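Undergrad: Here it is: the structure, laid out below.
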Amino acid sequence: MRFSKLIQKYADKFAQLFSVLSFVVIILLGIVLLIQIAKEIIRLFQIALEPTTSDIYLMIDKIIVFFLLFEFFMIVISSLKNNGHVSITLLMGLGLTALLRNLLRL
């Protein structure tokens with residue numbers, strides 16, 4: 001009986017360690033996504049302000065990439081707020097945006 005309590009104690013410690021580790025990794029992922037969103041906004045404005053650019057498909061692709069990154073960022077925020085749980089509506093929105101991007105590339 002004592003041995004099982006000792007194992008349970010160490011299992012709880014490992015679970016806490018992995019929980020903190022996953023929290024830190026999700027925060028780092030959020031920071032990386034935020035940087036990518038900023039880069040995508042800069043690229044979007046550069047394309048919009050170039051007088052020679054007339055490729056509407058490139059502009060639409062950049063807008064959709066921005067929304068994909070933004071949805072990933074919202075999933076990270078939702079995950080941090082709800083202890084790792086993500087709403088199915090966020091995942092469905094991400095899937096629809098990805099599907100739209102693939103359809104526009106055809």
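By order in the structure tokens, chains are A, B, ...; within a chain, residues start at 1; ligands start at 1, following the order shown.
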For Arg101 (chain A), find every residue with an atom within 8 Å (counting only C-alpha atoms), except residues of its own chain fewer than 5 positions away, and show them as an MDAnalysis selection string.
TA: chainID A and resid 61 64:65
Undergrad: Residues as selected, C-alpha atoms, written as a PDB file, in the first residue's frame, can you do that?
TA:
ATOM      1  CA  ASP A  61      -3.897  34.655 -50.159  1.00  0.00           C
ATOM      2  CA  ILE A  64      -6.418  34.335 -45.666  1.00  0.00           C
ATOM      3  CA  VAL A  65      -2.983  33.530 -44.203  1.00  0.00           C
TER       4      VAL A  65
END
Undergrad: If you count only C-alpha atoms, which residues fall within 12 Å of region 5-22 of chain A, apart from same-chain ones fewer than 3 positions away, as JSON, numbers by chain?
TA: {"A": [1, 2, 25, 26, 27, 28, 29, 76, 79, 80, 83, 84]}
Undergrad: List the spatial neighbours of region 30-32 of chain A as a ChimeraX atom specification - criterion: any atom at most 12 Å away, only C-alpha atoms, same-chain residues fewer than 6 positions off excluded.
TA: /A:23-24,38-39,69-80
Undergrad: Quick one: pull the distance between CA of Glu40 (chain A) and CA of Tyr57 (chain A), Å, one decimal.
TA: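 Distance reported for this atom pair: 15.4 Å.
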Undergrad: If I take CA of Leu91 (chain A) and CA of Gln36 (chain A), how far is one from the other in Å, to one decimal?
TA: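 Spanning CA of Leu91 (chain A) to CA of Gln36 (chain A) is a straight-line distance of 19.6 Å.
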Undergrad: For the atom pair CA of Lys62 (chain A) and CA of Leu34 (chain A), what is the interatomic distance in Å to one decimal place?
TA: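 The value is 15.6 Å.
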Undergrad: Which one is closest to Ile41 (chain A): A:Gly93, A:Ile63, A:Leu103, A:Leu58? Count only C-alpha atoms.
TA: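 Closest candidate: A:Ile63.
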